[in-house]
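S.K.: Dropping in model34.cif, which is mmCIF, C-alpha atoms:
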data_my_file
#
loop_
_atom_site.label_atom_id
_atom_site.label_comp_id
_atom_site.auth_asym_id
_atom_site.auth_seq_id
_atom_site.Cartn_x
_atom_site.Cartn_y
_atom_site.Cartn_z
CA MET A 95 124.87 50.35 110.91
CA ASP A 96 122.58 51.30 108.07
CA GLU A 97 124.74 49.11 105.83
CA ARG A 98 123.19 46.08 107.35
CA GLY A 99 120.32 44.60 105.46
CA LYS A 100 120.82 46.80 102.41
CA ASP A 101 121.87 43.78 100.45
CA GLU A 102 122.31 45.36 97.08
CA ILE A 103 124.92 45.45 94.37
CA LEU A 104 127.70 47.62 95.69
CA HIS A 105 129.92 47.77 92.69
CA ASP A 106 129.65 47.20 89.02
CA HIS A 107 133.00 46.91 87.38
CA ASN A 108 132.29 44.38 84.68
CA HIS A 109 133.32 46.88 82.04
CA ASP A 110 136.87 47.01 83.34
CA GLY A 111 139.73 45.21 81.65
CA ILE A 112 142.67 43.53 83.28
CA ASP A 113 145.17 46.18 82.21
CA ARG A 114 143.52 48.90 84.15
CA ARG A 115 146.18 51.03 85.74
CA GLY A 116 144.49 51.86 88.93
CA PHE A 117 142.60 49.45 90.97
CA LEU A 118 139.05 48.82 91.81
CA LYS A 119 138.20 48.86 95.39
CA CYS A 120 135.02 47.77 96.87
CA MET A 121 133.83 47.08 100.32
CA ALA A 122 131.00 44.81 101.16
CA TRP A 123 129.91 44.48 104.75
CA ALA A 124 129.13 40.98 105.81
CA GLY A 125 125.54 42.06 106.21
CA THR A 126 125.34 42.71 102.49
CA GLY A 127 126.01 39.32 100.97
CA ALA A 128 127.64 39.43 97.56
CA LEU A 129 128.35 36.95 94.81
CA CYS A 130 131.51 37.81 92.96
CA VAL A 131 132.44 36.22 89.64
CA ILE A 132 136.00 36.64 88.53
CA ASP A 133 136.52 36.19 84.82
CA GLY A 134 139.98 36.79 83.40
CA GLY A 135 140.73 39.19 86.21
CA VAL A 136 137.45 41.05 85.95
CA LEU A 137 135.18 40.80 88.93
CA LYS A 138 131.42 41.00 88.86
CA SER A 139 129.40 41.36 92.01
CA TYR A 140 125.87 40.19 92.56
CA SER A 141 123.69 40.47 95.57
CA LEU A 142 123.27 37.30 97.54
CA SER A 143 119.54 37.89 97.64
CA ARG A 144 119.50 37.84 93.83
CA LEU A 145 121.25 34.50 93.53
CA SER A 146 118.09 32.94 92.16
CA GLU A 147 118.10 35.45 89.31
CA ILE A 148 121.68 34.83 88.31
CA GLY A 149 121.00 31.62 86.47
CA GLU A 150 122.29 28.11 86.42
CA LYS A 151 125.58 28.66 84.70
CA GLU A 152 127.07 30.67 87.54
CA ALA A 153 125.71 28.37 90.18
CA GLU A 154 126.72 25.09 88.61
CA GLY A 155 130.48 25.51 88.83
CA GLU A 156 132.53 22.37 88.48
CA LEU A 157 134.14 23.10 91.77
CA SER A 158 132.71 24.89 94.71
CA PHE A 159 134.20 25.37 98.12
CA VAL A 160 133.53 27.37 101.22
CA GLN A 161 135.73 29.70 103.19
CA ILE A 162 135.21 30.19 106.90
CA SER A 163 137.41 32.25 109.15
CA ASP A 164 138.16 33.55 112.61
CA SER A 165 136.12 31.12 114.71
CA HIS A 166 138.01 32.30 117.83
CA MET A 167 136.83 29.29 119.78
CA GLY A 168 137.28 30.11 123.47
CA PHE A 169 136.32 33.78 123.14
CA ASN A 170 133.47 34.44 125.57
CA LYS A 171 133.20 38.22 125.94
CA PRO A 172 130.12 40.38 125.38
CA ALA A 173 130.73 40.86 121.63
CA ASN A 174 129.72 37.18 121.33
CA PRO A 175 129.63 35.01 124.44
CA ASP A 176 128.78 31.89 122.41
CA VAL A 177 131.15 31.52 119.47
CA ALA A 178 130.41 27.78 119.29
CA SER A 179 126.80 28.38 118.36
CA THR A 180 127.68 30.89 115.65
CA LEU A 181 130.19 28.43 114.19
CA LYS A 182 127.45 25.80 114.23
CA ALA A 183 125.18 28.27 112.45
CA ALA A 184 127.87 28.67 109.80
CA VAL A 185 127.96 24.90 109.36
CA ASP A 186 124.16 24.80 109.00
CA LYS A 187 124.43 27.47 106.32
CA ILE A 188 127.10 25.46 104.51
CA ASN A 189 125.00 22.29 104.70
CA ALA A 190 122.04 24.17 103.22
CA LEU A 191 123.90 25.41 100.12
CA PRO A 192 122.18 24.31 96.89
CA THR A 193 125.45 23.02 95.44
CA PRO A 194 127.29 20.95 98.05
CA PRO A 195 130.80 22.38 98.35
CA GLN A 196 133.66 19.92 97.93
CA PHE A 197 135.81 21.19 100.74
CA MET A 198 136.31 24.04 103.18
CA LEU A 199 139.10 26.50 103.74
CA HIS A 200 139.62 27.89 107.22
CA THR A 201 141.68 31.06 107.06
CA GLY A 202 142.87 31.05 110.64
CA ASP A 203 142.16 32.11 114.19
CA ILE A 204 140.51 28.76 114.65
CA SER A 205 141.00 29.24 118.39
CA HIS A 206 141.25 32.26 120.64
CA LEU A 207 144.16 31.08 122.80
CA SER A 208 145.60 28.00 121.04
CA LYS A 209 144.18 25.76 123.77
CA PRO A 210 143.75 22.05 122.93
CA GLU A 211 140.10 22.12 124.00
CA GLU A 212 139.46 25.06 121.68
CA PHE A 213 140.98 23.20 118.75
CA ASP A 214 138.96 20.10 119.74
CA ASN A 215 135.74 22.03 119.82
CA VAL A 216 136.21 23.45 116.32
CA GLU A 217 137.12 20.04 114.92
CA GLN A 218 134.02 18.52 116.48
CA ILE A 219 131.71 21.22 115.11
CA LEU A 220 133.22 21.07 111.62
CA LYS A 221 132.71 17.29 111.56
CA SER A 222 129.01 17.95 111.14
CA ALA A 223 129.63 19.88 107.92
CA ASN A 224 128.92 18.09 104.63
CA PRO A 225 132.32 18.76 103.15
CA LYS A 226 134.60 16.56 105.23
CA THR A 227 137.87 18.00 104.05
CA VAL A 228 139.12 21.22 105.60
CA PHE A 229 142.31 22.98 104.58
CA TYR A 230 143.73 25.34 107.18
CA VAL A 231 146.19 28.15 107.58
CA PRO A 232 146.95 29.47 111.07
CA GLY A 233 146.01 32.84 112.52
CA GLU A 234 148.15 34.50 115.15
CA HIS A 235 145.81 33.14 117.83
CA ASP A 236 146.59 29.55 116.76
CA VAL A 237 150.35 29.70 117.19
CA LEU A 238 150.68 31.09 120.72
CA ASN A 239 152.55 28.06 122.03
CA ASP A 240 155.77 26.34 120.95
CA GLU A 241 156.07 28.36 117.74
CA GLY A 242 152.84 26.86 116.46
CA ALA A 243 153.82 23.19 116.77
CA PRO A 244 150.48 22.14 118.37
CA TYR A 245 148.62 23.80 115.48
CA ARG A 246 150.70 21.99 112.87
CA GLU A 247 150.33 18.61 114.58
CA ARG A 248 146.59 18.92 114.35
CA PHE A 249 145.80 21.05 111.29
CA GLY A 250 149.00 21.24 109.30
CA LYS A 251 149.90 17.62 108.59
CA GLY A 252 152.11 17.42 105.52
CA SER A 253 152.66 21.17 105.48
CA LEU A 254 156.06 22.79 105.19
CA GLY A 255 157.87 25.32 107.37
CA SER A 256 155.47 27.05 109.72
CA GLY A 257 152.47 25.44 107.98
CA TRP A 258 152.40 26.51 104.32
CA HIS A 259 151.18 24.07 101.66
CA SER A 260 149.67 23.79 98.19
CA PHE A 261 147.32 21.42 96.41
CA ASP A 262 145.41 21.09 93.16
CA GLN A 263 141.69 20.68 92.72
CA LYS A 264 139.97 20.51 89.32
CA GLY A 265 142.77 22.37 87.63
CA ILE A 266 142.96 25.12 90.20
CA HIS A 267 146.16 25.51 92.19
CA PHE A 268 145.52 26.35 95.83
CA ILE A 269 148.26 27.84 98.00
CA GLY A 270 147.94 28.18 101.79
CA LEU A 271 150.41 30.71 103.19
CA VAL A 272 151.40 31.55 106.78
CA ASN A 273 151.91 35.24 107.56
CA VAL A 274 151.45 35.26 111.34
CA MET A 275 154.87 34.07 112.53
CA ASN A 276 157.98 36.02 113.54
CA LEU A 277 156.27 39.38 113.33
CA LYS A 278 158.61 42.31 113.82
CA ALA A 279 158.12 45.29 116.15
CA GLY A 280 156.10 47.96 114.42
CA GLY A 281 155.39 45.70 111.45
CA MET A 282 152.48 43.85 109.86
CA GLY A 283 151.98 40.27 108.70
CA SER A 284 155.08 38.58 107.35
CA LEU A 285 155.75 35.64 105.01
CA GLY A 286 159.52 35.50 105.28
CA ALA A 287 162.26 34.63 102.81
CA GLU A 288 161.99 30.85 103.15
CA GLN A 289 158.30 30.77 102.36
CA LEU A 290 158.67 33.21 99.45
CA ALA A 291 161.40 31.03 97.95
CA TRP A 292 159.13 28.00 98.29
CA LEU A 293 156.25 29.87 96.65
CA GLU A 294 158.36 30.83 93.66
CA LYS A 295 159.32 27.19 93.14
CA ASP A 296 155.83 25.91 93.83
CA VAL A 297 154.26 27.82 90.93
CA ASN A 298 157.20 27.64 88.58
CA HIS A 299 155.98 24.60 86.66
CA LEU A 300 152.40 25.81 86.27
CA SER A 301 151.05 27.20 83.03
CA LYS A 302 149.98 30.81 83.18
CA SER A 303 146.38 29.85 82.46
CA THR A 304 146.16 27.92 85.74
CA PRO A 305 143.74 29.69 88.08
CA ILE A 306 145.43 30.37 91.40
CA VAL A 307 143.74 30.65 94.78
CA VAL A 308 145.94 31.90 97.61
CA PHE A 309 144.64 31.78 101.16
CA ALA A 310 146.30 33.23 104.26
CA HIS A 311 145.13 34.71 107.52
CA ILE A 312 146.25 38.36 107.44
CA PRO A 313 145.27 40.22 104.27
CA LEU A 314 147.90 40.15 101.55
CA TRP A 315 147.03 43.72 100.61
CA SER A 316 147.27 46.84 102.71
CA VAL A 317 143.78 47.17 104.13
CA TYR A 318 144.87 49.46 106.96
CA PRO A 319 148.56 49.45 107.87
CA GLU A 320 147.90 51.61 110.95
CA TRP A 321 146.26 48.57 112.53
CA GLY A 322 148.70 46.13 110.99
CA TRP A 323 146.08 44.97 108.48
CA GLY A 324 148.44 44.00 105.73
CA THR A 325 151.49 41.86 104.99
CA GLU A 326 154.92 43.45 104.70
CA ASP A 327 156.29 41.21 101.96
CA SER A 328 153.06 40.47 100.11
CA ALA A 329 154.28 42.36 97.03
CA GLN A 330 157.05 39.78 96.62
CA ALA A 331 154.54 36.95 96.91
CA LEU A 332 152.25 38.52 94.33
CA GLY A 333 155.28 39.15 92.13
CA HIS A 334 155.73 35.39 91.90
CA LEU A 335 152.13 35.12 90.71
CA LYS A 336 152.34 37.84 88.08
CA LYS A 337 152.25 35.54 85.06
CA PHE A 338 148.91 34.01 85.97
CA GLY A 339 145.72 35.21 84.36
CA SER A 340 143.53 34.69 87.40
CA VAL A 341 144.65 34.99 91.00
CA THR A 342 142.17 35.05 93.87
CA VAL A 343 143.43 35.89 97.35
CA LEU A 344 141.26 34.85 100.31
CA ASN A 345 142.04 36.23 103.76
CA GLY A 346 140.48 36.60 107.20
CA HIS A 347 141.80 38.46 110.27
CA ILE A 348 139.83 41.71 109.90
CA HIS A 349 136.41 40.17 110.68
CA GLN A 350 134.58 41.87 107.84
CA THR A 351 134.26 41.33 104.13
CA MET A 352 136.14 43.52 101.71
CA GLN A 353 137.11 43.13 98.12
CA LYS A 354 139.62 44.74 95.84
CA VAL A 355 140.69 44.04 92.28
CA GLU A 356 144.16 44.95 91.19
CA GLY A 357 145.16 43.77 87.73
CA ASN A 358 144.64 40.02 87.61
CA VAL A 359 144.39 39.67 91.35
CA THR A 360 141.16 39.77 93.29
CA PHE A 361 141.51 40.18 97.02
CA HIS A 362 138.77 39.08 99.29
CA THR A 363 138.48 39.01 103.08
CA ALA A 364 135.90 36.88 104.85
CA ALA A 365 133.77 37.72 107.85
CA SER A 366 134.41 36.05 111.18
CA THR A 367 132.11 33.35 112.47
CA ALA A 368 132.69 34.78 115.97
CA PHE A 369 132.57 38.57 116.29
CA PRO A 370 132.79 41.63 114.01
CA GLN A 371 135.56 44.22 114.06
CA PRO A 372 135.24 47.91 113.18
CA LYS A 373 135.80 49.42 109.76
CA PRO A 374 139.39 50.57 109.27
CA GLY A 375 139.95 53.68 111.35
CA ALA A 376 136.34 53.79 112.54
CA ALA A 377 137.37 53.09 116.14
CA PRO A 378 140.45 53.88 118.24
CA ALA A 379 141.55 50.23 118.05
CA PRO A 380 140.60 47.09 116.11
CA GLY A 381 139.06 45.28 119.09
CA PRO A 382 135.81 43.27 118.98
CA MET A 383 132.82 45.35 117.97
CA LYS A 384 129.94 45.03 120.38
CA VAL A 385 126.66 45.08 118.52
CA PRO A 386 123.11 44.40 119.66
CA ASP A 387 122.26 40.69 119.80
CA ASP A 388 119.79 40.91 116.95
CA GLN A 389 122.46 42.36 114.68
CA LEU A 390 125.30 40.03 115.54
CA ARG A 391 124.50 37.21 113.15
CA GLY A 392 124.03 39.63 110.30
CA LEU A 393 127.68 40.60 110.71
CA LEU A 394 129.07 37.08 110.80
CA GLY A 395 129.35 34.80 107.86
CA VAL A 396 130.68 32.18 105.54
CA THR A 397 132.07 32.53 102.03
CA ASP A 398 131.06 30.14 99.29
CA VAL A 399 133.25 29.98 96.21
CA ASN A 400 132.13 28.41 92.96
CA TYR A 401 134.59 27.71 90.22
CA ILE A 402 133.33 27.50 86.68
CA GLN A 403 136.00 25.66 84.78
CA ARG A 404 134.98 26.51 81.25
CA ARG A 405 135.12 30.21 81.93
CA HIS A 406 138.07 30.25 84.29
CA ALA A 407 135.99 32.10 86.74
CA LEU A 408 135.58 32.03 90.45
CA ALA A 409 132.41 33.13 92.08
CA VAL A 410 132.68 34.33 95.63
CA ILE A 411 129.51 34.47 97.65
CA ASP A 412 129.38 35.93 101.11
CA SER A 413 126.44 34.95 103.17
CA THR A 414 125.63 36.05 106.65
CA LEU A 415 124.46 33.90 109.52
CA GLY A 416 121.27 35.89 110.04
CA MET B 326 162.96 80.72 183.84
CA THR B 327 160.56 77.94 183.44
CA ARG B 328 159.20 79.49 180.32
CA ARG B 329 162.70 79.84 178.85
CA VAL B 330 163.52 76.19 179.63
CA LEU B 331 160.34 75.07 177.97
CA TYR B 332 161.11 77.23 174.97
CA ILE B 333 164.61 75.76 174.59
CA ALA B 334 163.25 72.26 175.10
CA ALA B 335 160.67 72.83 172.40
CA ILE B 336 163.32 74.04 169.95
CA ALA B 337 165.53 71.08 170.81
CA THR B 338 162.65 68.68 170.21
CA MET B 339 161.93 70.29 166.85
CA LEU B 340 165.56 70.11 165.82
CA MET B 341 165.76 66.50 166.81
CA ALA B 342 162.67 65.77 164.88
CA ILE B 343 164.06 67.50 161.80
CA LEU B 344 167.38 65.69 162.15
CA ALA B 345 165.68 62.40 162.67
CA GLY B 346 163.52 63.02 159.66
CA ARG B 347 166.50 63.84 157.51
CA GLN B 348 168.24 60.77 158.74
CA THR B 349 165.28 58.65 157.77
CA THR B 350 165.02 60.05 154.26
CA GLN B 351 168.75 59.68 153.78
CA ALA B 352 168.94 56.15 155.04
CA ALA B 353 165.84 54.69 153.41
CA PRO B 354 166.56 54.68 149.65
CA PRO B 355 169.45 52.20 149.59
CA ALA B 356 167.68 49.85 151.97
CA ALA B 357 164.13 49.60 150.56
CA PRO B 358 163.55 48.03 147.14
CA PRO B 359 161.96 50.33 144.55
CA ALA B 360 158.20 50.16 144.41
CA GLY B 361 156.75 48.19 141.50
CA ALA B 362 155.55 49.93 138.37
CA ASP B 363 152.59 49.17 136.13
CA VAL B 364 151.88 49.20 132.42
CA LYS B 365 148.28 48.83 131.33
CA ILE B 366 147.29 47.30 128.01
CA ASP B 367 144.17 49.05 126.80
CA ASN B 368 142.71 49.43 123.33
CA PHE B 369 145.69 47.85 121.60
CA ALA B 370 148.20 50.18 123.32
CA PHE B 371 150.72 50.06 126.18
CA THR B 372 150.12 52.84 128.71
CA PRO B 373 152.42 54.56 129.48
CA ALA B 374 154.16 53.90 126.19
CA THR B 375 157.45 54.91 127.84
CA LEU B 376 158.02 54.12 131.50
CA THR B 377 161.12 55.17 133.44
CA VAL B 378 162.05 53.13 136.50
CA ARG B 379 165.04 52.59 138.79
CA ALA B 380 167.14 49.47 138.48
CA GLY B 381 165.61 46.66 140.49
CA THR B 382 162.03 47.68 139.72
CA GLU B 383 159.49 45.01 138.98
CA VAL B 384 157.24 46.10 136.11
CA THR B 385 153.83 44.48 135.79
CA TRP B 386 151.79 44.52 132.60
CA THR B 387 148.03 43.98 132.85
CA ASN B 388 145.95 43.20 129.76
CA ARG B 389 142.61 44.97 129.98
CA ASP B 390 141.56 44.21 126.38
CA ASP B 391 139.13 41.53 125.20
CA ILE B 392 141.88 40.26 122.93
CA PRO B 393 145.08 38.54 124.09
CA HIS B 394 148.37 40.40 123.87
CA THR B 395 151.99 39.59 124.62
CA VAL B 396 155.07 41.43 125.84
CA LEU B 397 158.17 40.64 123.80
CA SER B 398 161.36 42.68 123.93
CA ASP B 399 162.93 43.51 120.57
CA ASP B 400 165.92 41.33 121.47
CA LYS B 401 163.50 38.52 122.54
CA SER B 402 165.11 38.32 126.02
CA ILE B 403 161.86 39.31 127.76
CA LYS B 404 158.92 37.20 126.66
CA SER B 405 155.49 36.78 128.18
CA LYS B 406 152.98 34.12 127.30
CA ALA B 407 149.78 35.32 125.63
CA LEU B 408 147.93 37.34 128.27
CA ASP B 409 144.19 36.88 128.21
CA THR B 410 141.87 39.53 129.62
CA ASP B 411 143.06 40.71 133.08
CA GLU B 412 146.09 38.46 133.07
CA LYS B 413 149.39 39.94 134.23
CA PHE B 414 153.06 39.56 133.41
CA SER B 415 155.89 40.83 135.62
CA TYR B 416 159.56 41.33 134.96
CA THR B 417 162.25 42.84 137.20
CA PHE B 418 164.69 45.12 135.43
CA THR B 419 168.05 44.85 137.16
CA LYS B 420 170.33 46.59 134.68
CA PRO B 421 170.08 50.20 133.53
CA GLY B 422 169.30 50.64 129.87
CA THR B 423 166.52 51.21 127.36
CA TYR B 424 164.31 48.22 126.68
CA SER B 425 162.05 48.34 123.62
CA TYR B 426 159.27 45.83 123.43
CA PHE B 427 156.12 45.08 121.42
CA CYS B 428 153.14 42.73 121.24
CA SER B 429 154.12 39.77 119.08
CA LEU B 430 150.48 39.32 118.00
CA HIS B 431 149.89 42.98 117.14
CA PRO B 432 153.34 44.34 116.41
CA LYS B 433 152.05 47.87 115.88
CA MET B 434 151.78 47.95 119.68
CA LYS B 435 155.13 49.16 120.98
CA GLY B 436 156.48 50.29 124.33
CA THR B 437 159.73 51.25 126.04
CA ILE B 438 161.04 50.76 129.57
CA VAL B 439 163.90 53.07 130.54
CA VAL B 440 165.86 51.71 133.51
CA GLU B 441 168.04 54.22 135.39
#
Here is the file; what I need is its structure written in the form of structure tokens.

M.R.:
Amino acid sequence: MDERGKDEILHDHNHDGIDRRGFLKCMAWAGTGALCVIDGGVLKSYSLSRLSEIGEKEAEGELSFVQISDSHMGFNKPANPDVASTLKAAVDKINALPTPPQFMLHTGDISHLSKPEEFDNVEQILKSANPKTVFYVPGEHDVLNDEGAPYRERFGKGSLGSGWHSFDQKGIHFIGLVNVMNLKAGGMGSLGAEQLAWLEKDVNHLSKSTPIVVFAHIPLWSVYPEWGWGTEDSAQALGHLKKFGSVTVLNGHIHQTMQKVEGNVTFHTAASTAFPQPKPGAAPAPGPMKVPDDQLRGLLGVTDVNYIQRRHALAVIDSTLG
Amino acid sequence: MTRRVLYIAAIATMLMAILAGRQTTQAAPPAAPPAGADVKIDNFAFTPATLTVRAGTEVTWTNRDDIPHTVLSDDKSIKSKALDTDEKFSYTFTKPGTYSYFCSLHPKMKGTIVVE
């Protein structure tokens, strides 16, 4: 747990080009907030505590939005017996951001057990956030009943299939994907043929200079297949996005922040607002990580994304609730 | 005399007891239903991962994790709701065969019930 509070630049790969054969991999624990600027596929990380030193131009993006994830409303076990208050703390953090974000993305596991009162509770809490618009994708905990119909009625209006959708904001094309349905024995997350066909069509008309932001619950890269932390057919999805110069993938599910750059694609997972989970392979199973009360909020968080239109860059900032 | 009679009587009693006992063990199996069997869900795993039972056995799964899990057979014919902590799901296997199942939320979790 020494990672917590270190809060320093973890990686410096601003000298890397987009044609790099290998990939850059970096891990940032939620306790070490990081600002990431993606520019033409190159990612730069800054410490959250040094935001004031970064300068206006990064902070004044023409579009900024926030990602929250894994609220698990209804969870009440020792890892965090009060997930409502940590979600409220996330909202306070969002409302205190210097640049008011224009909307929020929730990358799933809104609820713990898909119960109507859990969904209600999250909706009520998020109403107090400054950005009034929230775009959702479901986590596996949100689609426990009737193949996810109650989720879609509430959070997926206008979406297609099991809840996928796309929209445009300030020249950025956002794509919300669902990879938590029809999972197969022994497998990982799954998008399915129908959704992949839709994705191919959805981006077909876009110019390759259009920045793309994909958000989905389970990571679209293989974080740790042994725990199912990946998506079986994500390579096909990313294949449809090959032509684009800047693709940012935002996920949740693993309750910790991680980043990876592979070619033009930057992968980013957000912390949970409810409870942390162990590092890949660091525990026998990926269950909730019980941490001392005074450390809990340092391991939970929100992600703030600033888009700077002129430079085709996205800045991803993770901040903790501490 | 008396001693011999007692001796014979004792042997007869023992034999009867043995016979009676044998009768009981022979007669019981077809009449009594098989005892239930349990599968625990702990740390994102079904324990035992493979369970062998006789036809007619009711198998009960108990989720002891902080995270909900489900029981879903590969052919989807056996399907539990999401089991929260300490919730149970039972299913009676009437036909012999091998039944593979998994957790639909965490599909890396797999188990097998062999019904004889």

S.K.: Can you list what the PyMOL selection byres ((chain B) within 6 of (chain A)) grabs from this structure, as an MDAnalysis selection string?

M.R.: chainID B and resid 368:369 427 432:433

S.K.: For Thr385 in chain B, find every residue with an atom within 12 Å (counting only C-alpha atoms), except residues of its own chain fewer than 4 positions away, and show them as a list in words.

M.R.: Ala360, Gly361, Ala362, Asp363, Val364, Lys365, Ile366, Phe371, Thr372, Pro373, Leu376, Val378, Val396, Ser405, Leu408, Asp411, Glu412, Lys413, Phe414, Ser415, Tyr416, Thr417, Phe418 and Ile438 of chain B

S.K.: Using the chain letters and numbering of this document, enumerate as a list in words the residues selected by the PyMOL selection byres ((chain B and resi 420) around 7).

M.R.: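 Expected selection for the PyMOL selection byres ((chain B and resi 420) around 7) here is Ala380, Phe418, Thr419, Pro421, Gly422 and Val440 of chain B.
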
S.K.: If I take CA of Asp367 in chain B and CA of Thr382 in chain B, how far is one from the other in Å, to one decimal?

M.R.: 22.1 Å

S.K.: Please define a box with edges along x, y and z of the file around all atoms of range 393-403 of chain B given in the file, extend it by 5 Å on each side, and return its centre and edge lengths in Å to one decimal, as lines of an AutoDock Vina configuration file.

M.R.:
center_x = 155.5
center_y = 40.9
center_z = 124.2
size_x = 30.8
size_y = 15.2
size_z = 17.2

S.K.: What is the CA of Leu335 in chain A-CA of Gly270 in chain A distance in Å, reported with one decimal?

M.R.: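 Straight-line distance from CA of Leu335 in chain A to CA of Gly270 in chain A works out to 13.7 Å.
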
S.K.: Using only C-alpha atoms, determine which residues lie at most 12 Å from Asp214 in chain A, disregarding the query and same-chain residues fewer than 4 positions distant; provide the list as a PyMOL selection string.

M.R.: chain A and resi 167-168+178+204-205+208-210+218-221+244-245+248-249

S.K.: Distance cut-off 7 Å, centre (143.5, 34.8, 104.5) in file coordinates, counting all atoms listed in the file: which residues qualify? Return them as an mmCIF file with C-alpha atoms, keeping the file's coordinate frame.

M.R.:
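Once everything was written out, this is selection_8.cif:
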data_model
loop_
_atom_site.group_PDB
_atom_site.id
_atom_site.type_symbol
_atom_site.label_atom_id
_atom_site.label_comp_id
_atom_site.auth_asym_id
_atom_site.auth_seq_id
_atom_site.Cartn_x
_atom_site.Cartn_y
_atom_site.Cartn_z
ATOM 1 C CA THR A 201 141.680 31.060 107.060
ATOM 2 C CA PHE A 309 144.640 31.780 101.160
ATOM 3 C CA ALA A 310 146.300 33.230 104.260
ATOM 4 C CA HIS A 311 145.130 34.710 107.520
ATOM 5 C CA ILE A 312 146.250 38.360 107.440
ATOM 6 C CA PRO A 313 145.270 40.220 104.270
ATOM 7 C CA LEU A 344 141.260 34.850 100.310
ATOM 8 C CA ASN A 345 142.040 36.230 103.760
ATOM 9 C CA GLY A 346 140.480 36.600 107.200
ATOM 10 C CA THR A 363 138.480 39.010 103.080
#

S.K.: Here is a test: counting all atoms listed in the file, which residue of A:Ala223, A:Ile348, A:Met198, A:Ala183 is nearest to Ser366 in chain A?

M.R.: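 Distance minimum relative to Ser366 in chain A lands on A:Ile348.
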
S.K.: From the list A:His362, A:Ala368, A:Ile266, A:Leu290, which residue is nearest Gly333 in chain A when using only C-alpha atoms?

M.R.: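 Closest to Gly333 in chain A, using only C-alpha atoms: A:Leu290.
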
S.K.: Between CA of Lys302 in chain A and CA of Gly339 in chain A, what distance in Å does the model show, to one decimal?

M.R.: 6.2 Å

S.K.: Given the PyMOL selection byres ((chain B and resi 402) around 12) and the file above, list the residues it selects as a PyMOL selection string.

M.R.: chain B and resi 396-401+403-405+416+418+424-426

S.K.: Tell me, as an NGL selection string, which residues lie within 9 Å of Thr227 in chain A, counting all atoms listed in the file; anything in the same chain fewer than 6 positions away does not count.

M.R.: :A and (196-199)

S.K.: When you look at Lys336 in chain A with a cut-off of 12 Å (counting only C-alpha atoms), what residues show up, excluding the ones that are within fewer than 4 positions of it in the same chain? I need them as a ChimeraX atom specification.

M.R.: /A:135,294,297-298,301-306,329-332,340-341,356-359
